[in-house]
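Student: File entry_4.cif below, mmCIF, C-alpha atoms and all ligand atoms:
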data_start
#
loop_
_atom_site.label_atom_id
_atom_site.label_comp_id
_atom_site.auth_asym_id
_atom_site.auth_seq_id
_atom_site.Cartn_x
_atom_site.Cartn_y
_atom_site.Cartn_z
CA MET A 24 168.86 103.62 71.90
CA LEU A 25 167.78 104.17 68.31
CA LYS A 26 168.92 107.50 66.84
CA VAL A 27 166.36 108.70 64.32
CA GLY A 28 166.03 111.38 61.63
CA VAL A 29 162.77 112.39 59.95
CA ILE A 30 162.86 113.34 56.26
CA GLY A 31 159.91 115.46 55.09
CA ILE A 32 158.32 117.36 57.94
CA GLY A 33 154.96 118.37 56.49
CA SER A 34 151.48 117.37 57.65
CA ILE A 35 151.91 113.66 58.46
CA SER A 36 155.35 113.98 60.08
CA GLN A 37 153.75 114.98 63.40
CA PHE A 38 152.42 111.40 63.64
CA HIS A 39 155.99 110.10 63.38
CA ILE A 40 157.74 112.79 65.44
CA GLU A 41 155.46 112.69 68.48
CA PRO A 42 155.43 108.87 68.82
CA TYR A 43 159.25 108.86 68.51
CA LEU A 44 159.40 111.43 71.33
CA GLU A 45 157.09 109.19 73.41
CA ASN A 46 159.26 106.09 72.86
CA LYS A 47 161.87 105.84 75.64
CA ARG A 48 164.28 103.90 73.42
CA VAL A 49 164.49 106.59 70.74
CA GLU A 50 166.61 109.69 70.43
CA LEU A 51 165.14 111.95 67.73
CA ILE A 52 168.06 114.01 66.49
CA ALA A 53 167.60 115.30 62.94
CA PHE A 54 165.06 116.73 60.50
CA CYS A 55 165.23 117.30 56.76
CA ASP A 56 162.91 119.28 54.48
CA LEU A 57 163.22 121.14 51.20
CA ASN A 58 161.28 124.01 52.76
CA GLU A 59 163.76 125.86 55.00
CA GLU A 60 161.19 127.96 56.79
CA ARG A 61 159.22 124.86 57.83
CA LEU A 62 162.47 123.15 58.79
CA VAL A 63 163.52 125.91 61.19
CA GLU A 64 160.00 126.27 62.61
CA LYS A 65 159.59 122.51 63.30
CA GLY A 66 163.17 122.29 64.60
CA LYS A 67 162.34 124.96 67.16
CA LEU A 68 158.98 123.42 68.03
CA TYR A 69 160.47 120.00 68.80
CA GLY A 70 163.95 121.10 69.98
CA ILE A 71 165.78 119.40 67.09
CA GLU A 72 169.12 121.00 66.22
CA LYS A 73 170.45 119.00 63.29
CA LEU A 74 168.53 120.41 60.32
CA TYR A 75 169.16 119.60 56.66
CA THR A 76 167.64 120.56 53.33
CA ASP A 77 169.38 117.67 51.52
CA TYR A 78 168.37 114.17 52.64
CA LYS A 79 171.74 112.77 51.57
CA GLU A 80 173.48 115.08 54.02
CA LEU A 81 171.19 114.00 56.83
CA ILE A 82 171.85 110.34 56.07
CA ASP A 83 175.61 110.83 55.62
CA SER A 84 176.42 113.30 58.33
CA ALA A 85 173.89 113.07 61.13
CA ASP A 86 174.81 110.29 63.53
CA ILE A 87 171.63 108.27 62.97
CA ASP A 88 170.57 104.61 62.85
CA ALA A 89 167.16 105.03 61.22
CA VAL A 90 164.98 107.38 59.19
CA SER A 91 161.29 107.99 58.67
CA ILE A 92 160.50 109.07 55.11
CA CYS A 93 157.48 111.41 55.03
CA THR A 94 158.10 113.13 51.70
CA TRP A 95 156.06 113.20 48.47
CA ASN A 96 155.49 109.80 46.89
CA ASN A 97 157.93 110.43 44.01
CA THR A 98 160.93 110.45 46.37
CA HIS A 99 160.07 107.52 48.68
CA ALA A 100 162.00 104.85 46.74
CA GLU A 101 165.03 106.99 45.95
CA ILE A 102 165.49 108.07 49.59
CA ALA A 103 164.79 104.56 50.93
CA VAL A 104 167.43 103.00 48.65
CA TYR A 105 169.98 105.67 49.59
CA ALA A 106 169.34 105.17 53.32
CA LEU A 107 169.49 101.36 53.11
CA GLU A 108 172.74 101.49 51.13
CA ALA A 109 174.13 103.74 53.88
CA GLY A 110 173.20 101.03 56.42
CA LYS A 111 170.19 102.78 57.98
CA HIS A 112 166.84 101.27 58.98
CA VAL A 113 163.89 102.80 57.12
CA LEU A 114 160.23 103.47 57.88
CA VAL A 115 158.71 104.76 54.64
CA GLU A 116 155.24 106.27 54.38
CA LYS A 117 152.73 104.66 52.03
CA PRO A 118 152.76 104.13 49.10
CA LEU A 119 156.21 102.49 49.02
CA SER A 120 156.83 104.09 45.61
CA MET A 121 155.11 105.28 42.44
CA THR A 122 156.01 102.27 40.27
CA VAL A 123 156.59 98.52 40.67
CA GLU A 124 160.19 98.87 39.42
CA GLU A 125 160.98 101.40 42.16
CA ALA A 126 159.35 99.17 44.79
CA GLU A 127 161.44 96.22 43.62
CA ALA A 128 164.60 98.33 43.82
CA VAL A 129 163.77 99.10 47.47
CA GLU A 130 163.17 95.41 48.20
CA GLU A 131 166.51 94.55 46.59
CA ALA A 132 168.36 97.23 48.59
CA GLN A 133 166.72 95.96 51.79
CA LYS A 134 167.83 92.39 51.10
CA LYS A 135 171.42 93.49 50.44
CA SER A 136 171.58 95.71 53.54
CA GLY A 137 169.85 93.35 55.96
CA LYS A 138 168.33 96.44 57.62
CA THR A 139 164.66 96.91 58.50
CA LEU A 140 162.43 98.42 55.81
CA GLN A 141 158.94 98.95 57.13
CA VAL A 142 156.16 100.30 54.89
CA GLY A 143 153.77 102.76 56.56
CA PHE A 144 150.69 100.54 56.35
CA VAL A 145 149.43 102.18 59.53
CA ARG A 146 145.99 100.55 59.43
CA ARG A 147 147.62 97.20 60.19
CA HIS A 148 148.70 98.69 63.53
CA GLY A 149 145.28 99.85 64.72
CA ASP A 150 144.19 98.05 67.91
CA ASN A 151 140.99 96.99 66.11
CA ALA A 152 143.00 95.49 63.23
CA LYS A 153 145.44 93.73 65.55
CA LEU A 154 142.58 92.12 67.45
CA LEU A 155 140.82 91.02 64.27
CA LYS A 156 144.05 89.59 62.86
CA LYS A 157 144.36 87.44 66.00
CA PHE A 158 140.80 86.15 65.57
CA ILE A 159 141.42 85.41 61.89
CA GLU A 160 144.66 83.55 62.64
CA HIS A 161 142.68 81.38 65.07
CA GLY A 162 140.32 80.48 62.21
CA GLU A 163 137.25 82.42 63.42
CA LEU A 164 136.35 83.56 59.88
CA GLY A 165 137.44 80.37 58.11
CA GLU A 166 138.50 81.00 54.52
CA ILE A 167 138.05 84.67 53.60
CA TYR A 168 136.87 84.69 50.00
CA TYR A 169 135.53 88.22 49.60
CA ALA A 170 136.30 91.73 50.88
CA LYS A 171 134.49 94.94 50.14
CA THR A 172 135.88 98.34 51.00
CA SER A 173 135.04 101.98 50.37
CA CYS A 174 136.71 105.23 51.28
CA LEU A 175 134.59 107.89 49.64
CA ARG A 176 135.19 111.56 50.32
CA ARG A 177 132.57 113.93 48.97
CA LEU A 178 135.11 116.80 49.24
CA GLY A 179 138.73 115.96 50.06
CA ASN A 180 141.30 116.52 47.35
CA PRO A 181 144.34 117.56 49.49
CA GLY A 182 145.76 119.72 46.66
CA GLY A 183 149.43 120.60 46.13
CA TRP A 184 151.63 117.59 45.31
CA PHE A 185 148.79 115.10 46.07
CA SER A 186 147.00 116.25 42.93
CA ASP A 187 150.15 116.59 40.78
CA VAL A 188 150.52 113.17 39.17
CA THR A 189 154.28 113.61 38.64
CA ARG A 190 154.81 113.78 42.42
CA SER A 191 151.94 111.58 43.70
CA GLY A 192 151.60 108.90 41.01
CA GLY A 193 147.80 109.31 41.06
CA GLY A 194 144.78 110.41 43.06
CA PRO A 195 142.53 108.66 45.59
CA LEU A 196 143.63 105.18 44.50
CA ILE A 197 147.31 105.62 45.36
CA ASP A 198 146.54 107.84 48.36
CA LEU A 199 143.50 106.20 50.03
CA GLY A 200 143.05 102.98 48.06
CA VAL A 201 146.54 101.89 49.09
CA HIS A 202 145.35 101.67 52.73
CA MET A 203 141.97 100.09 51.95
CA ILE A 204 143.32 97.43 49.59
CA ASP A 205 146.23 96.70 51.89
CA ILE A 206 144.15 96.13 55.02
CA CYS A 207 141.80 93.73 53.18
CA TRP A 208 144.70 91.87 51.51
CA TYR A 209 146.60 91.59 54.82
CA MET A 210 143.55 90.24 56.66
CA MET A 211 142.89 87.76 53.82
CA GLY A 212 146.36 86.27 54.39
CA LYS A 213 148.10 88.06 51.48
CA PRO A 214 146.93 85.87 48.55
CA ARG A 215 148.73 86.37 45.21
CA PRO A 216 146.88 88.86 42.97
CA VAL A 217 146.27 87.52 39.43
CA SER A 218 144.10 90.10 37.69
CA VAL A 219 142.39 93.44 38.13
CA SER A 220 139.69 95.41 36.41
CA GLY A 221 139.44 99.10 37.26
CA ASN A 222 137.86 102.38 36.24
CA THR A 223 139.01 105.90 36.98
CA TYR A 224 136.93 109.05 36.55
CA LYS A 225 137.91 112.72 36.32
CA LYS A 226 134.51 114.33 36.21
CA LEU A 227 134.40 116.87 39.03
CA GLY A 228 137.92 118.31 39.33
CA ASN A 229 138.96 119.28 42.86
CA ARG A 230 135.88 121.46 43.49
CA SER A 231 137.97 124.11 45.23
CA HIS A 232 135.02 126.50 44.79
CA ILE A 233 133.02 124.69 47.50
CA GLU A 234 132.64 126.75 50.67
CA ASN A 235 131.87 125.89 54.31
CA LEU A 236 133.51 122.45 54.43
CA SER A 237 137.07 121.79 55.65
CA PHE A 238 139.32 118.89 54.65
CA TYR A 239 142.90 117.48 54.91
CA GLN A 240 145.35 119.60 52.91
CA ALA A 241 149.00 119.20 51.89
CA ALA A 242 151.35 121.50 53.81
CA ASP A 243 151.80 123.51 50.58
CA TYR A 244 148.14 123.53 49.51
CA ASP A 245 147.62 124.71 45.95
CA PRO A 246 144.18 124.23 44.43
CA ASN A 247 145.41 125.23 40.96
CA LEU A 248 147.23 121.95 40.47
CA ASN A 249 145.02 118.97 39.69
CA ASP A 250 145.58 116.27 37.13
CA VAL A 251 144.62 113.19 39.15
CA GLU A 252 141.39 111.14 39.06
CA ASP A 253 138.55 111.97 41.46
CA LEU A 254 137.15 108.42 41.69
CA THR A 255 138.47 104.89 41.18
CA ASN A 256 136.70 101.57 41.49
CA ALA A 257 138.17 98.11 40.96
CA ILE A 258 137.84 94.40 41.41
CA ILE A 259 140.97 92.41 42.25
CA ARG A 260 141.08 88.64 41.76
CA PHE A 261 143.48 86.36 43.63
CA GLU A 262 145.08 83.01 42.85
CA ASN A 263 142.97 81.27 45.52
CA GLY A 264 139.72 82.55 43.92
CA ALA A 265 139.15 85.30 46.52
CA SER A 266 138.35 88.86 45.43
CA ILE A 267 138.32 92.45 46.69
CA LEU A 268 135.84 95.08 45.51
CA VAL A 269 136.99 98.64 46.22
CA ASP A 270 136.01 102.23 45.52
CA VAL A 271 137.72 105.43 46.64
CA SER A 272 137.22 109.11 45.89
CA PHE A 273 138.69 112.56 46.51
CA THR A 274 135.37 114.06 45.53
CA LEU A 275 131.98 112.72 44.55
CA GLN A 276 128.35 113.93 44.51
CA LEU A 277 127.74 112.01 47.71
CA LYS A 278 125.53 112.88 50.66
CA LYS A 279 128.02 111.91 53.35
CA ASP A 280 131.61 110.53 53.46
CA GLU A 281 131.75 106.73 53.60
CA LEU A 282 134.42 104.48 55.08
CA TYR A 283 134.01 100.76 55.46
CA VAL A 284 136.06 97.57 55.38
CA LYS A 285 134.13 94.27 55.33
CA LEU A 286 135.52 90.75 55.18
CA PHE A 287 133.50 87.64 54.40
CA GLY A 288 134.65 84.12 55.25
CA ASP A 289 132.98 80.70 55.16
CA LYS A 290 132.85 80.51 58.97
CA GLY A 291 132.28 84.16 59.83
CA GLY A 292 132.43 87.77 58.72
CA ALA A 293 133.97 90.93 60.11
CA GLU A 294 133.98 94.68 59.74
CA ILE A 295 137.00 96.79 60.72
CA GLU A 296 135.52 100.12 59.72
CA PRO A 297 133.46 102.04 60.60
CA GLU A 298 133.63 99.85 63.72
CA LEU A 299 135.07 96.47 64.54
CA ALA A 300 132.34 93.82 64.49
CA LEU A 301 132.24 90.06 64.04
CA VAL A 302 129.47 88.05 62.43
CA THR A 303 129.07 84.36 63.14
CA GLU A 304 126.47 81.67 63.67
CA LYS A 305 125.66 79.38 66.58
CA HIS A 306 122.77 77.00 67.22
CA ASN A 307 121.11 77.92 63.89
CA THR A 308 121.26 81.60 64.81
CA ILE A 309 123.27 84.47 63.31
CA LEU A 310 125.19 86.44 65.92
CA ASN A 311 126.57 89.96 65.53
CA VAL A 312 129.39 90.19 68.05
CA THR A 313 130.92 93.40 69.38
CA PRO A 314 134.41 92.87 70.85
CA GLN A 315 135.06 95.10 73.83
CA LEU A 316 138.10 97.36 73.36
CA ASP A 317 138.89 101.04 73.97
CA SER A 318 138.26 102.09 70.39
CA LEU A 319 136.30 99.99 67.91
CA SER A 320 137.37 102.32 65.08
CA PHE A 321 140.78 103.27 63.74
CA ASP A 322 142.41 105.53 66.35
CA PHE A 323 144.92 107.67 64.40
CA ASN A 324 147.18 108.57 67.34
CA LYS A 325 147.24 105.09 68.85
CA ALA A 326 147.85 103.36 65.52
CA PHE A 327 150.81 105.63 64.67
CA GLN A 328 152.26 105.07 68.17
CA ASN A 329 151.89 101.30 67.63
CA GLU A 330 153.49 101.60 64.18
CA ILE A 331 156.50 103.54 65.48
CA ASN A 332 156.90 101.19 68.47
CA HIS A 333 156.83 98.24 66.08
CA PHE A 334 159.51 99.85 63.89
CA VAL A 335 161.74 100.51 66.92
CA ALA A 336 161.31 96.90 68.10
CA CYS A 337 162.22 95.60 64.61
CA CYS A 338 165.36 97.78 64.54
CA LEU A 339 166.56 97.19 68.11
CA ASP A 340 165.26 93.72 68.98
CA GLY A 341 165.01 92.11 65.54
CA SER A 342 161.24 91.61 66.00
CA GLU A 343 159.43 90.23 62.95
CA ASN A 344 158.49 93.08 60.60
CA ILE A 345 154.75 92.88 59.82
CA ALA A 346 154.98 95.34 56.88
CA PRO A 347 158.09 94.40 54.85
CA ALA A 348 159.19 95.72 51.44
CA SER A 349 157.79 92.62 49.70
CA ASP A 350 154.28 93.63 50.84
CA GLY A 351 154.89 97.12 49.45
CA VAL A 352 155.84 95.54 46.11
CA GLN A 353 152.64 93.42 45.96
CA VAL A 354 150.43 96.40 46.79
CA MET A 355 152.19 98.52 44.13
CA LYS A 356 151.50 95.72 41.61
CA MET A 357 147.77 95.90 42.40
CA LEU A 358 147.63 99.72 42.29
CA THR A 359 149.55 100.12 39.04
CA ALA A 360 147.54 97.34 37.39
CA ILE A 361 144.29 99.12 38.32
CA TYR A 362 145.51 102.34 36.67
CA GLU A 363 146.64 100.32 33.64
CA SER A 364 143.28 98.56 33.41
CA ALA A 365 141.42 101.88 33.61
CA ARG A 366 143.59 103.31 30.81
CA ALA A 367 143.19 100.24 28.61
CA GLY A 368 139.49 99.77 29.37
CA LYS A 369 139.94 96.05 30.03
CA GLU A 370 141.07 93.48 32.59
CA VAL A 371 144.81 93.35 33.27
CA TYR A 372 146.67 90.15 34.27
CA LEU A 373 149.57 90.36 36.72
N1 LIG B 401 149.71 106.95 56.75
C1 LIG B 401 148.80 107.87 56.51
O1 LIG B 401 147.64 107.75 56.90
C2 LIG B 401 149.21 109.09 55.73
C3 LIG B 401 148.43 110.25 55.80
C4 LIG B 401 148.85 111.38 55.07
C5 LIG B 401 150.00 111.31 54.28
N2 LIG B 401 150.71 110.15 54.22
C6 LIG B 401 151.91 110.05 53.36
O2 LIG B 401 152.95 110.85 53.91
C7 LIG B 401 153.71 111.46 52.88
C8 LIG B 401 153.72 112.96 53.11
O3 LIG B 401 152.39 113.46 53.11
P1 LIG B 401 152.02 114.85 53.83
O4 LIG B 401 150.55 114.91 53.90
O5 LIG B 401 152.81 115.01 55.07
O6 LIG B 401 152.54 115.88 52.69
P2 LIG B 401 153.03 117.38 52.95
O7 LIG B 401 153.06 118.02 51.62
O8 LIG B 401 152.21 118.00 54.02
O9 LIG B 401 154.52 117.21 53.49
C9 LIG B 401 155.55 116.66 52.72
C10 LIG B 401 156.86 117.38 53.08
O10 LIG B 401 157.94 116.70 52.43
C11 LIG B 401 158.86 117.71 51.97
N3 LIG B 401 159.66 117.11 50.89
C12 LIG B 401 159.23 116.68 49.68
N4 LIG B 401 160.24 116.15 48.99
C13 LIG B 401 161.35 116.22 49.78
C14 LIG B 401 162.70 115.83 49.63
N5 LIG B 401 163.16 115.25 48.53
N6 LIG B 401 163.55 116.07 50.67
C15 LIG B 401 163.13 116.65 51.80
N7 LIG B 401 161.85 117.04 52.00
C16 LIG B 401 160.96 116.83 51.00
C17 LIG B 401 157.98 118.86 51.55
O11 LIG B 401 158.68 120.08 51.51
C18 LIG B 401 156.89 118.84 52.64
O12 LIG B 401 157.26 119.65 53.75
C19 LIG B 401 153.04 111.03 51.57
O13 LIG B 401 153.74 109.96 50.99
C20 LIG B 401 151.65 110.58 51.96
O14 LIG B 401 151.15 109.56 51.12
C21 LIG B 401 150.35 109.07 54.94
#
Please rewrite the model in this file as structure tokens.
Ligand SMILES: NC(=O)c1ccc[n+]([C@@H]2O[C@H](COP(=O)([O-])OP(=O)(O)OC[C@H]3O[C@@H](n4cnc5c(N)ncnc54)[C@H](O)[C@@H]3O)[C@@H](O)[C@H]2O)c1

Tutor:
Amino acid sequence: MLKVGVIGIGSISQFHIEPYLENKRVELIAFCDLNEERLVEKGKLYGIEKLYTDYKELIDSADIDAVSICTWNNTHAEIAVYALEAGKHVLVEKPLSMTVEEAEAVEEAQKKSGKTLQVGFVRRHGDNAKLLKKFIEHGELGEIYYAKTSCLRRLGNPGGWFSDVTRSGGGPLIDLGVHMIDICWYMMGKPRPVSVSGNTYKKLGNRSHIENLSFYQAADYDPNLNDVEDLTNAIIRFENGASILVDVSFTLQLKKDELYVKLFGDKGGAEIEPELALVTEKHNTILNVTPQLDSLSFDFNKAFQNEINHFVACCLDGSENIAPASDGVQVMKMLTAIYESARAGKEVYL
């Protein structure tokens, strides 16, 4: 049995808590949150009795083996290091940290502790992504030299800490771009990034005056706070010559939200979003192939269940961790270099 505590029980924590409750090899025993009212309410809802407002107390006094960290981005690294040094396994939500230095400190603490540190790159755990990864590993796409991805919200600044740069580290790039860049990079075989060129724009604000449209909000939604970008675009170059082109927004004068992930190889192509699809050629003919699986798109509930099950298997069985700290470090290098490039107005070398 793996005894688990969840730190930060706001909006996303439900997608950790419920899969833990579904997993027969887990005993969920403790919660921690700065917000006492939420803590008591969620404790009651899920029947959890050990409740803490200080994460150090949870880690030190609750009899746990592992924690999920679902707090604001500015505390991910600090809590992860503390938990690893206390000998606990850690599943930390994306992004791993706000800076490369913090990410490296987590990687260092993981190496010293020998415990599992899994980064919440949940898109890697979607059934569509797992299937595509298998095809790629069998060479179906050949060498992937280009990826193109977009996650454009016309109205979707979550407010609260998400739009307070001191707690989030940035806007749509660090919140949405982290997933989009990661899934492309992972599918491409994790080539070493060498340079980036990016642009950020703060033209529209959070548009909290817009009526009649709903969107994801932080548990403590506050539209008055907003000092993050509303749009980022970037090109990332890799050592092997491959590149990723990405754009992400919290808000944009766009007709309809857009989400796509496209990969291009010398033997075939693929899309993961909006739906899994393969492109290939046979007998001088281009074929668009639709694999048959329950959900061709990213299924939020299933992917989180897969992610939690993977974490439990890493902790209890020593299974190979598909989202280690070192991947979190590489992704943080790309994200911070994009912000740096946008600030400097020129290409940045890693
Ligand atoms: N994987 C995904 O698709 C996905 C989706 C949404 C959010 N997230 C990530 O999950 C994390 C949380 O996001 P959210 O939407 O749940 O935010 P939220 O604001 O709804 O919840 C965060 C909670 O953490 C608590 N908290 C903050 N600092 C704390 C601390 N030091 N100790 C204890 N509790 C603390 C807050 O009081 C709040 O209840 C973020 O890092 C975000 O990037 C991931």

Student: Using all atoms listed in the file, which residues of the polymer chains come no farther than 8 Å from ligand LIG 401 (chain B)? I'd like the answer as a PyMOL selection string.

Tutor: chain A and resi 30-36+55-58+61+76-78+92-99+102+116-118+143-146+183-185+191+197-198+202+240-244+323

Student: In Å, how far is it from CA of Ala293 (chain A) to CA of Phe261 (chain A)?

Tutor: 19.6 Å

Student: At most 9 Å is the cut-off: for each residue in region 291-318 of chain A with any atom that close to an atom of region 274-285 of chain A, write down the nearest atom pair and the distance in Å rounded to one decimal, counting all atoms listed in the file, chain first then increasing number, as CSV.

Tutor:
residue,atom,partner,partner_atom,distance
A:Gly292,CA,A:Lys285,CA,7.5
A:Ala293,CA,A:Lys285,CA,5.8
A:Glu294,CA,A:Lys285,CA,4.4
A:Ile295,CA,A:Val284,CA,5.5
A:Glu296,CA,A:Tyr283,CA,4.6
A:Pro297,CA,A:Tyr283,CA,5.3
A:Glu298,CA,A:Tyr283,CA,8.3

Student: Between A:Glu163, A:Asp187, A:Asp150, A:Asp205, which one has atoms that come closest to Met355 (chain A), using all atoms listed in the file?

Tutor: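 Counting all atoms listed in the file, the residue closest to Met355 (chain A) is A:Asp205.
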
Student: Please provide as an MDAnalysis selection string all residues within 10 Å of region 120-126 of chain A, with the sequence filter that same-chain residues fewer than 2 positions apart are discarded (counting all atoms listed in the file).

Tutor: chainID A and resid 95:101 103:104 115:118 128:132 188:193 197 348:360

Student: Give me a file of those residues, with C-alpha atoms, as a PDB file, in the frame of the given file.

Tutor:
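Just written: selection_37.pdb:
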ATOM      1  CA  TRP A  95     156.060 113.200  48.470  1.00  0.00           C
ATOM      2  CA  ASN A  96     155.490 109.800  46.890  1.00  0.00           C
ATOM      3  CA  ASN A  97     157.930 110.430  44.010  1.00  0.00           C
ATOM      4  CA  THR A  98     160.930 110.450  46.370  1.00  0.00           C
ATOM      5  CA  HIS A  99     160.070 107.520  48.680  1.00  0.00           C
ATOM      6  CA  ALA A 100     162.000 104.850  46.740  1.00  0.00           C
ATOM      7  CA  GLU A 101     165.030 106.990  45.950  1.00  0.00           C
ATOM      8  CA  ALA A 103     164.790 104.560  50.930  1.00  0.00           C
ATOM      9  CA  VAL A 104     167.430 103.000  48.650  1.00  0.00           C
ATOM     10  CA  VAL A 115     158.710 104.760  54.640  1.00  0.00           C
ATOM     11  CA  GLU A 116     155.240 106.270  54.380  1.00  0.00           C
ATOM     12  CA  LYS A 117     152.730 104.660  52.030  1.00  0.00           C
ATOM     13  CA  PRO A 118     152.760 104.130  49.100  1.00  0.00           C
ATOM     14  CA  ALA A 128     164.600  98.330  43.820  1.00  0.00           C
ATOM     15  CA  VAL A 129     163.770  99.100  47.470  1.00  0.00           C
ATOM     16  CA  GLU A 130     163.170  95.410  48.200  1.00  0.00           C
ATOM     17  CA  GLU A 131     166.510  94.550  46.590  1.00  0.00           C
ATOM     18  CA  ALA A 132     168.360  97.230  48.590  1.00  0.00           C
ATOM     19  CA  VAL A 188     150.520 113.170  39.170  1.00  0.00           C
ATOM     20  CA  THR A 189     154.280 113.610  38.640  1.00  0.00           C
ATOM     21  CA  ARG A 190     154.810 113.780  42.420  1.00  0.00           C
ATOM     22  CA  SER A 191     151.940 111.580  43.700  1.00  0.00           C
ATOM     23  CA  GLY A 192     151.600 108.900  41.010  1.00  0.00           C
ATOM     24  CA  GLY A 193     147.800 109.310  41.060  1.00  0.00           C
ATOM     25  CA  ILE A 197     147.310 105.620  45.360  1.00  0.00           C
ATOM     26  CA  ALA A 348     159.190  95.720  51.440  1.00  0.00           C
ATOM     27  CA  SER A 349     157.790  92.620  49.700  1.00  0.00           C
ATOM     28  CA  ASP A 350     154.280  93.630  50.840  1.00  0.00           C
ATOM     29  CA  GLY A 351     154.890  97.120  49.450  1.00  0.00           C
ATOM     30  CA  VAL A 352     155.840  95.540  46.110  1.00  0.00           C
ATOM     31  CA  GLN A 353     152.640  93.420  45.960  1.00  0.00           C
ATOM     32  CA  VAL A 354     150.430  96.400  46.790  1.00  0.00           C
ATOM     33  CA  MET A 355     152.190  98.520  44.130  1.00  0.00           C
ATOM     34  CA  LYS A 356     151.500  95.720  41.610  1.00  0.00           C
ATOM     35  CA  MET A 357     147.770  95.900  42.400  1.00  0.00           C
ATOM     36  CA  LEU A 358     147.630  99.720  42.290  1.00  0.00           C
ATOM     37  CA  THR A 359     149.550 100.120  39.040  1.00  0.00           C
ATOM     38  CA  ALA A 360     147.540  97.340  37.390  1.00  0.00           C
TER      39      ALA A 360
END

Student: Which neighbours of Asn46 (chain A) fall inside 9 Å, counting only C-alpha atoms, when residues of the same chain fewer than 6 positions from it are skipped, and could you give them as a list in words?

Tutor: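 Answer for this query is Gln328, Ile331, Asn332 and Val335 of chain A.
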